[in-house]
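One file, my_file-v2.txt, is given below (compact mmCIF, C-alpha atoms and all ligand atoms).
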```txt
# COMPACT_ATOMS: atom_id res chain seq x y z
CA MET O 1 1.63 39.30 1.61
CA ILE O 2 -0.84 36.48 0.99
CA ASP O 3 -0.78 33.06 2.64
CA TYR O 4 -1.09 30.82 -0.43
CA LEU O 5 -0.39 31.30 -4.12
CA ILE O 6 -1.98 28.30 -5.88
CA VAL O 7 -1.03 27.19 -9.40
CA GLY O 8 -3.97 25.41 -11.04
CA SER O 9 -7.72 25.74 -10.61
CA GLY O 10 -8.79 22.14 -11.29
CA LEU O 11 -10.29 19.96 -8.57
CA ALA O 12 -6.95 19.95 -6.69
CA GLY O 13 -6.46 23.73 -6.74
CA ILE O 14 -10.08 24.46 -5.85
CA SER O 15 -9.98 21.94 -2.99
CA PHE O 16 -6.92 23.60 -1.52
CA ALA O 17 -8.26 27.13 -2.02
CA GLU O 18 -11.47 26.26 -0.19
CA THR O 19 -9.63 24.54 2.66
CA ALA O 20 -7.31 27.51 3.10
CA MET O 21 -10.09 30.13 2.98
CA HIS O 22 -12.20 28.09 5.38
CA ASN O 23 -9.28 28.45 7.80
CA GLN O 24 -9.12 32.23 7.31
CA LYS O 25 -6.09 32.13 5.03
CA SER O 26 -5.71 34.39 1.99
CA ILE O 27 -5.19 32.91 -1.48
CA LEU O 28 -4.58 33.81 -5.10
CA ILE O 29 -4.85 31.30 -7.97
CA VAL O 30 -2.92 31.33 -11.27
CA ASP O 31 -4.41 29.24 -14.09
CA ASN O 32 -3.83 29.09 -17.84
CA GLN O 33 -6.50 26.52 -18.88
CA SER O 34 -3.83 24.24 -20.36
CA GLN O 35 -5.31 21.05 -18.84
CA SER O 36 -8.91 19.89 -19.16
CA SER O 37 -9.10 16.87 -16.85
CA SER O 38 -11.33 18.38 -14.13
CA LEU O 39 -13.48 20.21 -16.66
CA ILE O 40 -14.42 17.14 -18.70
CA ALA O 41 -14.32 14.42 -16.00
CA GLY O 42 -17.18 11.97 -15.53
CA GLY O 43 -17.34 13.25 -11.96
CA LEU O 44 -18.39 9.88 -10.50
CA TYR O 45 -17.51 8.91 -6.96
CA ASN O 46 -17.55 5.28 -6.04
CA PRO O 47 -15.92 3.75 -2.94
CA VAL O 48 -15.26 0.40 -4.67
CA ILE O 49 -12.78 -0.42 -7.45
CA LEU O 50 -15.16 -2.74 -9.27
CA LYS O 51 -12.57 -4.20 -11.63
CA ARG O 52 -10.62 -5.70 -8.73
CA PHE O 53 -13.37 -5.71 -6.07
CA SER O 54 -11.27 -3.73 -3.63
CA GLU O 55 -12.08 -0.78 -1.41
CA VAL O 56 -10.78 2.63 -2.49
CA TRP O 57 -8.01 3.75 -0.09
CA GLN O 58 -9.64 5.32 3.02
CA ALA O 59 -12.99 5.35 1.20
CA GLN O 60 -15.25 5.96 4.19
CA LEU O 61 -13.22 8.92 5.44
CA GLN O 62 -13.03 10.40 1.95
CA LEU O 63 -16.81 10.12 1.52
CA VAL O 64 -17.50 11.99 4.78
CA ILE O 65 -15.10 14.78 3.77
CA LEU O 66 -16.54 14.85 0.22
CA ASP O 67 -20.11 15.31 1.51
CA ASN O 68 -19.17 18.21 3.69
CA PHE O 69 -16.92 19.83 1.08
CA TYR O 70 -19.38 19.91 -1.84
CA LEU O 71 -22.30 20.85 0.42
CA LYS O 72 -20.41 23.94 1.61
CA LEU O 73 -19.44 24.82 -1.97
CA GLU O 74 -23.05 24.45 -3.13
CA SER O 75 -24.15 26.88 -0.49
CA LYS O 76 -21.31 29.34 -1.23
CA LEU O 77 -21.85 29.31 -5.02
CA GLN O 78 -25.64 28.82 -4.88
CA ILE O 79 -25.57 25.88 -7.31
CA LYS O 80 -26.27 22.14 -7.10
CA VAL O 81 -23.22 20.05 -8.05
CA ASP O 82 -23.34 16.87 -5.92
CA PHE O 83 -25.92 14.34 -7.15
CA LYS O 84 -26.31 11.26 -4.99
CA ILE O 85 -27.49 8.56 -7.38
CA PRO O 86 -26.82 4.81 -7.41
CA ILE O 87 -24.17 3.19 -9.57
CA LEU O 88 -25.34 -0.18 -10.93
CA ARG O 89 -22.93 -2.83 -12.17
CA LYS O 90 -24.50 -4.68 -15.10
CA PHE O 91 -23.88 -8.44 -14.82
CA PHE O 92 -23.03 -10.31 -18.02
CA SER O 93 -23.17 -13.84 -16.52
CA VAL O 94 -24.12 -15.90 -13.48
CA GLU O 95 -20.41 -16.09 -12.65
CA GLU O 96 -20.26 -12.28 -12.40
CA GLN O 97 -23.26 -12.35 -10.06
CA ASN O 98 -21.49 -14.91 -7.86
CA ASN O 99 -18.29 -12.86 -7.75
CA TRP O 100 -20.34 -9.87 -6.61
CA PHE O 101 -21.90 -11.70 -3.68
CA ALA O 102 -18.53 -13.17 -2.65
CA ALA O 103 -17.13 -9.62 -2.59
CA ALA O 104 -20.15 -8.26 -0.69
CA ASP O 105 -19.36 -10.77 2.06
CA ASN O 106 -15.97 -9.13 2.58
CA LYS O 107 -16.03 -7.00 5.77
CA LEU O 108 -14.38 -4.00 4.06
CA LEU O 109 -16.73 -3.99 1.07
CA ALA O 110 -19.97 -4.89 2.86
CA PRO O 111 -20.94 -1.25 3.59
CA PHE O 112 -20.71 -0.44 -0.12
CA LEU O 113 -22.14 -3.44 -2.03
CA SER O 114 -25.85 -4.23 -1.86
CA LEU O 115 -26.74 -7.86 -1.25
CA GLU O 116 -29.88 -7.63 -3.38
CA VAL O 117 -29.85 -8.29 -7.11
CA LYS O 118 -31.35 -5.21 -8.73
CA LYS O 119 -33.94 -6.50 -11.19
CA THR O 120 -35.22 -3.19 -12.55
CA LYS O 121 -35.49 -3.17 -16.35
CA TYR O 122 -34.36 0.04 -18.05
CA LEU O 123 -35.69 0.76 -21.53
CA GLY O 124 -32.78 0.67 -23.97
CA ILE O 125 -30.62 -1.81 -22.03
CA ASN O 126 -30.88 -5.57 -22.29
CA SER O 127 -30.02 -7.01 -18.85
CA PRO O 128 -30.83 -10.75 -18.58
CA PHE O 129 -28.46 -11.13 -15.60
CA ASP O 130 -29.63 -7.95 -13.81
CA TYR O 131 -27.45 -5.58 -11.78
CA GLY O 132 -25.53 -5.18 -8.53
CA GLU O 133 -25.89 -1.85 -6.71
CA VAL O 134 -22.95 0.06 -5.22
CA LEU O 135 -23.98 2.13 -2.20
CA GLN O 136 -22.88 5.67 -1.17
CA THR O 137 -22.22 6.74 -4.76
CA GLY O 138 -23.01 9.69 -7.01
CA TYR O 139 -21.41 12.27 -9.24
CA VAL O 140 -20.27 15.86 -9.11
CA ASP O 141 -21.00 18.12 -12.08
CA THR O 142 -17.38 19.22 -12.34
CA LYS O 143 -17.90 21.52 -15.33
CA LEU O 144 -20.65 23.46 -13.59
CA LEU O 145 -18.49 23.64 -10.47
CA LEU O 146 -15.38 24.88 -12.29
CA VAL O 147 -17.26 27.49 -14.31
CA ALA O 148 -19.06 28.84 -11.22
CA TYR O 149 -15.85 28.78 -9.17
CA LYS O 150 -13.99 30.74 -11.84
CA LYS O 151 -16.73 33.38 -11.79
CA TYR O 152 -16.45 33.58 -7.99
CA LEU O 153 -12.64 33.92 -8.19
CA LEU O 154 -12.84 36.66 -10.83
CA GLU O 155 -15.49 38.61 -8.93
CA ASN O 156 -13.25 38.57 -5.86
CA ASN O 157 -9.97 39.33 -7.67
CA LEU O 158 -8.57 35.95 -6.69
CA LEU O 159 -7.60 34.68 -10.17
CA LEU O 160 -4.70 35.49 -12.47
CA GLN O 161 -5.41 34.05 -15.92
CA ASP O 162 -1.83 33.42 -16.95
CA THR O 163 0.84 30.74 -17.42
CA PHE O 164 2.90 30.43 -14.27
CA ASP O 165 6.57 31.12 -15.05
CA TYR O 166 8.66 28.95 -12.74
CA GLN O 167 11.86 30.93 -13.48
CA LEU O 168 10.40 34.00 -11.73
CA ILE O 169 10.16 32.51 -8.22
CA LYS O 170 12.39 34.35 -5.74
CA PHE O 171 13.10 33.03 -2.28
CA HIS O 172 13.22 35.34 0.77
CA ASP O 173 13.64 34.46 4.45
CA ASP O 174 9.98 34.93 5.34
CA CYS O 175 8.23 34.31 1.98
CA VAL O 176 8.42 33.43 -1.68
CA GLN O 177 7.92 36.05 -4.34
CA TYR O 178 6.35 35.61 -7.78
CA LYS O 179 6.45 38.81 -9.86
CA LEU O 180 5.03 41.40 -7.43
CA ILE O 181 3.18 38.84 -5.30
CA LYS O 182 4.65 37.81 -1.97
CA ALA O 183 3.25 34.61 -0.46
CA LYS O 184 4.08 32.45 2.53
CA HIS O 185 3.65 29.33 0.40
CA ILE O 186 3.12 28.21 -3.19
CA ILE O 187 0.88 25.19 -3.84
CA PHE O 188 1.44 23.49 -7.18
CA ALA O 189 -1.73 21.80 -8.43
CA GLU O 190 -1.13 21.68 -12.19
CA GLY O 191 -2.42 18.17 -12.88
CA PHE O 192 -0.54 16.67 -15.83
CA GLY O 193 1.01 20.16 -16.36
CA LEU O 194 3.41 19.19 -13.55
CA HIS O 195 5.90 18.09 -16.19
CA GLU O 196 6.77 21.76 -16.86
CA ASN O 197 7.53 22.33 -13.16
CA PRO O 198 11.32 22.14 -12.57
CA TYR O 199 10.85 21.81 -8.79
CA PHE O 200 8.63 18.73 -8.81
CA ASN O 201 8.99 17.10 -12.22
CA TYR O 202 11.24 14.39 -10.73
CA LEU O 203 8.02 12.78 -9.46
CA PRO O 204 6.64 9.86 -11.53
CA LEU O 205 3.42 11.38 -12.87
CA ASP O 206 2.57 9.18 -15.87
CA GLY O 207 -0.70 10.64 -17.11
CA THR O 208 -3.50 8.56 -18.61
CA LYS O 209 -5.56 10.09 -21.37
CA GLY O 210 -9.32 9.57 -21.24
CA GLU O 211 -12.05 10.32 -23.75
CA LEU O 212 -15.78 10.55 -23.25
CA PHE O 213 -18.99 11.33 -25.14
CA ILE O 214 -22.21 13.13 -24.53
CA ILE O 215 -24.87 11.13 -26.39
CA LYS O 216 -28.55 11.75 -27.08
CA ALA O 217 -30.70 8.63 -26.68
CA PRO O 218 -34.43 9.46 -26.47
CA GLN O 219 -35.45 5.82 -25.92
CA LEU O 220 -33.02 5.22 -23.05
CA ASN O 221 -34.79 5.50 -19.73
CA LEU O 222 -32.25 5.73 -16.87
CA ASP O 223 -32.31 7.35 -13.44
CA VAL O 224 -29.14 5.60 -12.24
CA ILE O 225 -25.52 5.39 -13.43
CA ILE O 226 -24.75 2.14 -15.26
CA ASN O 227 -21.17 0.95 -14.94
CA THR O 228 -19.66 -1.83 -17.03
CA SER O 229 -16.63 -1.42 -19.28
CA VAL O 230 -17.96 2.15 -19.64
CA PHE O 231 -20.25 4.25 -17.49
CA ILE O 232 -23.52 5.80 -18.67
CA LEU O 233 -24.62 8.79 -16.63
CA PRO O 234 -28.04 10.44 -17.16
CA LEU O 235 -27.87 14.24 -17.54
CA GLY O 236 -31.55 14.94 -18.33
CA ASN O 237 -33.21 15.97 -21.62
CA ASP O 238 -32.32 12.56 -23.16
CA LEU O 239 -28.61 13.35 -22.79
CA PHE O 240 -26.08 10.93 -21.23
CA LYS O 241 -22.39 11.16 -20.45
CA VAL O 242 -20.49 8.04 -21.53
CA GLY O 243 -16.89 7.21 -20.65
CA ALA O 244 -14.14 6.60 -20.50
CA THR O 245 -11.10 5.29 -22.37
CA TYR O 246 -7.61 4.72 -20.94
CA ASN O 247 -4.62 5.53 -23.11
CA TRP O 248 -1.10 5.53 -21.62
CA GLN O 249 0.77 6.68 -24.77
CA ASP O 250 -1.01 9.78 -26.10
CA LYS O 251 -0.59 12.73 -23.68
CA THR O 252 -2.63 15.31 -25.61
CA SER O 253 -6.07 16.62 -24.67
CA SER O 254 -7.65 16.25 -28.13
CA PRO O 255 -10.38 13.71 -28.93
CA THR O 256 -9.29 10.99 -31.38
CA GLU O 257 -10.92 8.68 -33.92
CA GLU O 258 -9.40 5.70 -32.06
CA GLY O 259 -11.04 6.80 -28.80
CA LYS O 260 -14.34 7.34 -30.57
CA LEU O 261 -14.33 3.84 -32.08
CA GLU O 262 -13.43 2.26 -28.73
CA LEU O 263 -16.23 4.03 -26.88
CA LEU O 264 -18.70 3.24 -29.66
CA ALA O 265 -17.86 -0.47 -29.57
CA ARG O 266 -18.29 -0.64 -25.79
CA LEU O 267 -21.55 1.30 -25.89
CA GLN O 268 -22.97 -0.99 -28.54
CA GLU O 269 -22.34 -3.96 -26.22
CA ILE O 270 -24.67 -2.41 -23.64
CA LEU O 271 -27.30 -0.33 -25.44
CA ASP O 272 -29.99 -1.77 -27.64
CA CYS O 273 -31.50 1.54 -28.64
CA GLU O 274 -30.58 4.30 -31.06
CA PHE O 275 -28.27 7.13 -30.04
CA GLU O 276 -26.27 9.95 -31.57
CA ILE O 277 -22.98 11.47 -30.39
CA VAL O 278 -23.53 15.10 -29.43
CA ASP O 279 -20.07 15.88 -28.05
CA HIS O 280 -16.68 14.22 -27.63
CA PHE O 281 -14.05 15.32 -25.05
CA ALA O 282 -10.61 14.27 -23.88
CA GLY O 283 -8.20 15.04 -21.05
CA VAL O 284 -5.15 13.62 -19.30
CA ARG O 285 -5.69 12.18 -15.82
CA PRO O 286 -2.77 12.92 -13.47
CA THR O 287 -2.02 9.27 -12.67
CA VAL O 288 0.93 7.93 -10.67
CA ARG O 289 2.58 4.52 -11.00
CA ASP O 290 1.67 3.42 -7.46
CA ARG O 291 -1.88 4.82 -7.88
CA LYS O 292 -1.49 7.14 -4.86
CA PRO O 293 -1.59 10.94 -4.77
CA LEU O 294 1.53 13.12 -4.71
CA ILE O 295 1.28 15.31 -1.62
CA GLY O 296 3.92 17.17 0.35
CA SER O 297 6.59 19.84 0.55
CA HIS O 298 9.75 20.19 -1.51
CA PRO O 299 12.77 18.60 0.22
CA LYS O 300 14.98 21.69 -0.42
CA PHE O 301 12.46 24.54 -0.72
CA PRO O 302 10.06 24.18 2.22
CA ARG O 303 7.72 26.94 1.03
CA LEU O 304 6.90 25.02 -2.18
CA HIS O 305 4.27 22.27 -1.97
CA ILE O 306 2.47 19.88 -4.28
CA LEU O 307 -1.11 18.61 -4.50
CA ASN O 308 -1.26 16.26 -7.47
CA GLY O 309 -1.64 12.65 -8.57
CA LEU O 310 -5.40 12.54 -8.00
CA GLY O 311 -5.50 10.04 -10.88
CA THR O 312 -8.92 8.65 -11.76
CA ARG O 313 -10.52 9.90 -8.54
CA GLY O 314 -10.15 13.68 -8.28
CA VAL O 315 -13.72 14.18 -7.02
CA MET O 316 -13.24 11.94 -3.97
CA LEU O 317 -9.56 12.57 -3.31
CA GLY O 318 -9.34 16.34 -3.87
CA PRO O 319 -11.03 17.52 -0.65
CA SER O 320 -9.34 15.03 1.71
CA MET O 321 -5.88 15.50 0.15
CA ALA O 322 -6.24 19.29 0.42
CA ILE O 323 -6.95 18.96 4.16
CA ALA O 324 -3.99 16.59 4.62
CA LEU O 325 -1.61 19.02 2.87
CA PHE O 326 -3.00 22.06 4.69
CA GLU O 327 -2.60 20.41 8.10
CA SER O 328 0.91 19.26 7.29
CA ILE O 329 1.93 22.84 6.38
CA GLU O 330 0.10 24.72 9.13
CA TYR O 331 0.27 22.22 12.02
CA GLN O 332 3.15 19.95 10.94
CA LYS O 333 0.75 17.00 11.05
CA PRO O 334 2.60 14.10 9.38
CA LEU O 335 1.26 12.95 6.03
CA ASP O 336 0.31 9.32 5.54
CA LYS O 337 3.38 7.59 4.07
CA ALA O 338 1.28 6.25 1.18
CA ILE O 339 0.66 9.76 -0.22
CA ASP O 340 3.74 11.65 0.97
CA ILE O 341 6.14 12.54 -1.88
CA LYS O 342 8.97 11.56 0.47
CA ARG O 343 8.45 8.05 -0.89
CA TYR O 344 10.20 9.25 -4.07
CA GLU O 345 12.96 11.38 -2.52
CA LYS O 346 15.78 8.88 -3.04
CA LYS O 347 14.92 8.80 -6.74
CA MET O 348 15.57 12.55 -7.21
C1 LIG M 1 -12.06 11.23 -19.38
C2 LIG M 1 -11.88 11.42 -17.91
C3 LIG M 1 -12.85 10.96 -17.04
C4 LIG M 1 -12.70 11.11 -15.65
N1 LIG M 1 -13.70 10.70 -14.85
C5 LIG M 1 -13.58 10.88 -13.50
C6 LIG M 1 -14.63 10.51 -12.64
O1 LIG M 1 -15.68 10.00 -13.08
N2 LIG M 1 -14.47 10.73 -11.30
C7 LIG M 1 -13.33 11.28 -10.79
O2 LIG M 1 -13.24 11.45 -9.57
N3 LIG M 1 -12.31 11.66 -11.60
C8 LIG M 1 -12.41 11.46 -12.93
N4 LIG M 1 -11.39 11.82 -13.75
C9 LIG M 1 -10.12 12.25 -13.13
C10 LIG M 1 -10.17 13.70 -12.66
O3 LIG M 1 -10.54 14.47 -13.75
C11 LIG M 1 -8.80 14.11 -12.12
O4 LIG M 1 -8.46 13.31 -11.01
C12 LIG M 1 -8.80 15.57 -11.67
O5 LIG M 1 -9.42 16.36 -12.60
C13 LIG M 1 -7.42 16.09 -11.44
O6 LIG M 1 -7.53 17.42 -11.03
P1 LIG M 1 -6.28 18.37 -10.95
O7 LIG M 1 -6.75 19.68 -10.41
O8 LIG M 1 -5.15 17.70 -10.27
O9 LIG M 1 -5.78 18.54 -12.47
P2 LIG M 1 -6.42 19.35 -13.69
O10 LIG M 1 -7.87 19.22 -13.74
O11 LIG M 1 -5.64 18.95 -14.88
O12 LIG M 1 -6.13 20.86 -13.34
C14 LIG M 1 -4.84 21.42 -13.41
C15 LIG M 1 -4.99 22.91 -13.66
O13 LIG M 1 -3.68 23.52 -13.62
C16 LIG M 1 -3.57 24.44 -14.68
N5 LIG M 1 -2.14 24.59 -15.03
C17 LIG M 1 -1.27 23.60 -15.35
N6 LIG M 1 -0.04 24.11 -15.56
C18 LIG M 1 -0.14 25.46 -15.36
C19 LIG M 1 0.78 26.55 -15.43
N7 LIG M 1 2.09 26.40 -15.71
N8 LIG M 1 0.32 27.79 -15.19
C20 LIG M 1 -0.98 28.00 -14.87
N9 LIG M 1 -1.89 27.00 -14.77
C21 LIG M 1 -1.48 25.76 -15.01
C22 LIG M 1 -4.41 23.80 -15.80
O14 LIG M 1 -4.83 24.76 -16.72
C23 LIG M 1 -5.58 23.20 -15.03
O15 LIG M 1 -6.63 24.12 -14.89
C24 LIG M 1 -11.52 11.71 -15.13
C25 LIG M 1 -10.55 12.21 -16.01
C26 LIG M 1 -10.72 12.06 -17.39
C27 LIG M 1 -9.66 12.61 -18.31
```
Can you turn what I pasted into structure tokens?
Amino acid sequence: MIDYLIVGSGLAGISFAETAMHNQKSILIVDNQSQSSSLIAGGLYNPVILKRFSEVWQAQLQLVILDNFYLKLESKLQIKVDFKIPILRKFFSVEEQNNWFAAADNKLLAPFLSLEVKKTKYLGINSPFDYGEVLQTGYVDTKLLLVAYKKYLLENNLLLQDTFDYQLIKFHDDCVQYKLIKAKHIIFAEGFGLHENPYFNYLPLDGTKGELFIIKAPQLNLDVIINTSVFILPLGNDLFKVGATYNWQDKTSSPTEEGKLELLARLQEILDCEFEIVDHFAGVRPTVRDRKPLIGSHPKFPRLHILNGLGTRGVMLGPSMAIALFESIEYQKPLDKAIDIKRYEKKM
């Protein structure tokens, strides 16, 4: 008998697996590589929603948990995945500069928005109105993390590379059984794959497709992340990650010509140097209508739980949501109403 059978090894599944193992619980993960969101994500973490100048929900708490979580993983896997580098907002007008300083005066945003105009000139970017700097930012190399974590799981016989068959779950008094595996609990962390899950697919997971590029731009000289209508993230060796698009109709994980043209147009607004596209990826973000995660236990089957709806912020939300779910299962600690799936129970 194991403690937790986890379906999905994206940022959500990994976050829960680590939380459980850290608390001396046994786990097994099932994954079929059907979703690519965590693998291809930009990986940025940023406590401010720059489009609306609002603080990310519980940003400070999430950042503390994030630091601790990725630091422990780096040490366990012997790799570097968390890169603390500034995110700069490129201003396109004096009005945008003024809006920034008005926002930086706000008590909630003050810890995260620098009051100094950043005047550094980066080769390859024309910036007559300079930049604003967001503080306490960075990115996680999610691909490196997922690949290394998979290796760790395989070496320790903790991964079943298979499609989870929901029809095979059997319920017993003291456990749930899946094929020959008996577990105290099942955690569903399938990202957009949730739609195949008959136990939880009543939840309103919309899904927002995103596409991004890896470009090569030898003249571009950046040691920060630039964020405007797209982000540009330096990877080294003249390579940069550029993203992302938002598409609410297409729910496939394949790159499209439409996405390519959109990214190209936005990039050309920012860069005034040559570049070539080296790679082009796509994935579906597990987004929810109210922009809050989907966390909790099934109303009729208390051994089934969900960790989903990480939306556009899996890097920041994954670790703190995994702790919230773990503590609600093990210690009956109530979940915050904003994230608890109970908010959708009447709509079942
Ligand atoms: C273009 C793009 C850019 C992004 N940029 C950022 C960013 O900069 N910062 C940020 O924080 N977030 C970003 N995100 C969002 C982030 O990727 C998501 O929040 C996060 O990856 C969600 O993780 P997840 O584990 O819930 O889902 P997923 O990563 O989709 O993982 C779900 C896993 O479950 C598996 N699975 C599903 N169904 C089954 C089944 N039946 N049986 C077995 N396995 C199954 C899948 O194979 C997959 O491995 C971006 C997303 C996209 C698409």
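Remark: for ligand LIG 1 (chain M), the closest of the candidate residues O:Asn201, O:Ser229, O:Ser328, O:Asn308 is O:Asn308 (distances computed over only C-alpha atoms and all ligand atoms).
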Dump the neighbourhood of ligand LIG 1 (chain M) as a compact mmCIF listing (two decimals) with C-alpha atoms, in the frame of the given file: all residues within 7 Å, distances computed on all atoms listed in the file.
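As a result, pocket.txt now contains:
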```
# COMPACT_ATOMS: atom_id res chain seq x y z
CA VAL O 7 -1.03 27.19 -9.40
CA GLY O 8 -3.97 25.41 -11.04
CA SER O 9 -7.72 25.74 -10.61
CA GLY O 10 -8.79 22.14 -11.29
CA LEU O 11 -10.29 19.96 -8.57
CA ALA O 12 -6.95 19.95 -6.69
CA GLY O 13 -6.46 23.73 -6.74
CA VAL O 30 -2.92 31.33 -11.27
CA ASP O 31 -4.41 29.24 -14.09
CA ASN O 32 -3.83 29.09 -17.84
CA GLN O 33 -6.50 26.52 -18.88
CA SER O 34 -3.83 24.24 -20.36
CA GLN O 35 -5.31 21.05 -18.84
CA SER O 36 -8.91 19.89 -19.16
CA SER O 37 -9.10 16.87 -16.85
CA SER O 38 -11.33 18.38 -14.13
CA LEU O 39 -13.48 20.21 -16.66
CA ILE O 40 -14.42 17.14 -18.70
CA ALA O 41 -14.32 14.42 -16.00
CA GLY O 42 -17.18 11.97 -15.53
CA GLY O 43 -17.34 13.25 -11.96
CA LEU O 44 -18.39 9.88 -10.50
CA TYR O 45 -17.51 8.91 -6.96
CA ASP O 162 -1.83 33.42 -16.95
CA THR O 163 0.84 30.74 -17.42
CA PHE O 164 2.90 30.43 -14.27
CA ASP O 165 6.57 31.12 -15.05
CA ALA O 189 -1.73 21.80 -8.43
CA GLU O 190 -1.13 21.68 -12.19
CA GLY O 191 -2.42 18.17 -12.88
CA PHE O 192 -0.54 16.67 -15.83
CA GLY O 193 1.01 20.16 -16.36
CA LEU O 194 3.41 19.19 -13.55
CA GLU O 196 6.77 21.76 -16.86
CA LYS O 209 -5.56 10.09 -21.37
CA GLY O 210 -9.32 9.57 -21.24
CA GLU O 211 -12.05 10.32 -23.75
CA LEU O 212 -15.78 10.55 -23.25
CA GLY O 243 -16.89 7.21 -20.65
CA ALA O 244 -14.14 6.60 -20.50
CA THR O 245 -11.10 5.29 -22.37
CA ALA O 282 -10.61 14.27 -23.88
CA GLY O 283 -8.20 15.04 -21.05
CA VAL O 284 -5.15 13.62 -19.30
CA ARG O 285 -5.69 12.18 -15.82
CA PRO O 286 -2.77 12.92 -13.47
CA ASN O 308 -1.26 16.26 -7.47
CA GLY O 309 -1.64 12.65 -8.57
CA LEU O 310 -5.40 12.54 -8.00
CA GLY O 311 -5.50 10.04 -10.88
CA THR O 312 -8.92 8.65 -11.76
CA ARG O 313 -10.52 9.90 -8.54
CA GLY O 314 -10.15 13.68 -8.28
CA VAL O 315 -13.72 14.18 -7.02
CA MET O 316 -13.24 11.94 -3.97
```
**OP:** Using only C-alpha atoms, find the one residue out of O:Lys121, O:Asp82, O:Val48, O:Phe53 that sits nearest to Phe101 (chain O).
**Re:**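 Looking only at the distances to Phe101 (chain O), the closest residue turns out to be O:Phe53.
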**OP:** Go through O:Ser254, O:Asn46, O:Gln161, O:Asn68 and flag the residue nearest Glu133 (chain O), using all atoms listed in the file for the distances.
**Re:**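 Of the candidates, the smallest distance to Glu133 (chain O) is held by O:Asn46.
For the residues O:Val140, O:Ile215, O:Ile226, O:Ile186, ranking by smallest atom-to-atom distance to Ile329 (chain O) using all atoms listed in the file places O:Ile186 first.
The spacing separating CA of Gln167 (chain O) from CA of Leu335 (chain O) amounts to 28.6 Å.
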Original post:
Using all atoms listed in the file, which of the listed residues (O:Leu77, O:Phe83, O:Leu5, O:Tyr178) sits closest to Lys151 (chain O)?
Top reply: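 Among O:Leu77, O:Phe83, O:Leu5, O:Tyr178, it is O:Leu77 that comes nearest to Lys151 (chain O).
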Subject >> Sphere at (-26.3, 16.3, -8.1), radius 12 Å, counting all atoms listed in the file: residues as a list in words >> reply: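 Applying the cut-off with all atoms listed in the file, one gets Gly43, Leu44, Tyr45, Asp67, Tyr70, Leu71, Glu74, Ile79, Lys80, Val81, Asp82, Phe83, Lys84, Ile85, Pro86, Thr137, Gly138, Tyr139, Val140, Asp141, Thr142, Leu144, Leu145, Val224, Leu233, Pro234, Leu235 and Gly236 of chain O.
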**OP:** In the coordinates of the file, take the point (-6.1, 34.0, 0.0) and a cut-off of 9 Å; then, counting only C-alpha atoms, name each qualifying protein, DNA or RNA residue as a count of residues only.
**Re:** 14
Original post:
Taking into account only C-alpha atoms, which residue in the set O:Ile323, O:Cys175, O:Leu160, O:Ile270 is nearest to Phe91 (chain O)?
Top reply: O:Ile270
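Pairwise distance (CA of Leu113 (chain O), CA of Ile232 (chain O)) equals 19.1 Å.
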Subject >> Separation of CA of Ala183 (chain O) from CA of Ala324 (chain O) in Å >> reply: 20.1 Å
Can you tell me, as AutoDock Vina command-line options, the centre and edge lengths (Å, one decimal) of the axis-aligned box enclosing all of region 57-73 of chain O's listed atoms after padding each side by 3 Å?
```
--center_x -15.2 --center_y 14.3 --center_z 1.7 --size_x 20.3 --size_y 27.1 --size_z 13.4
```
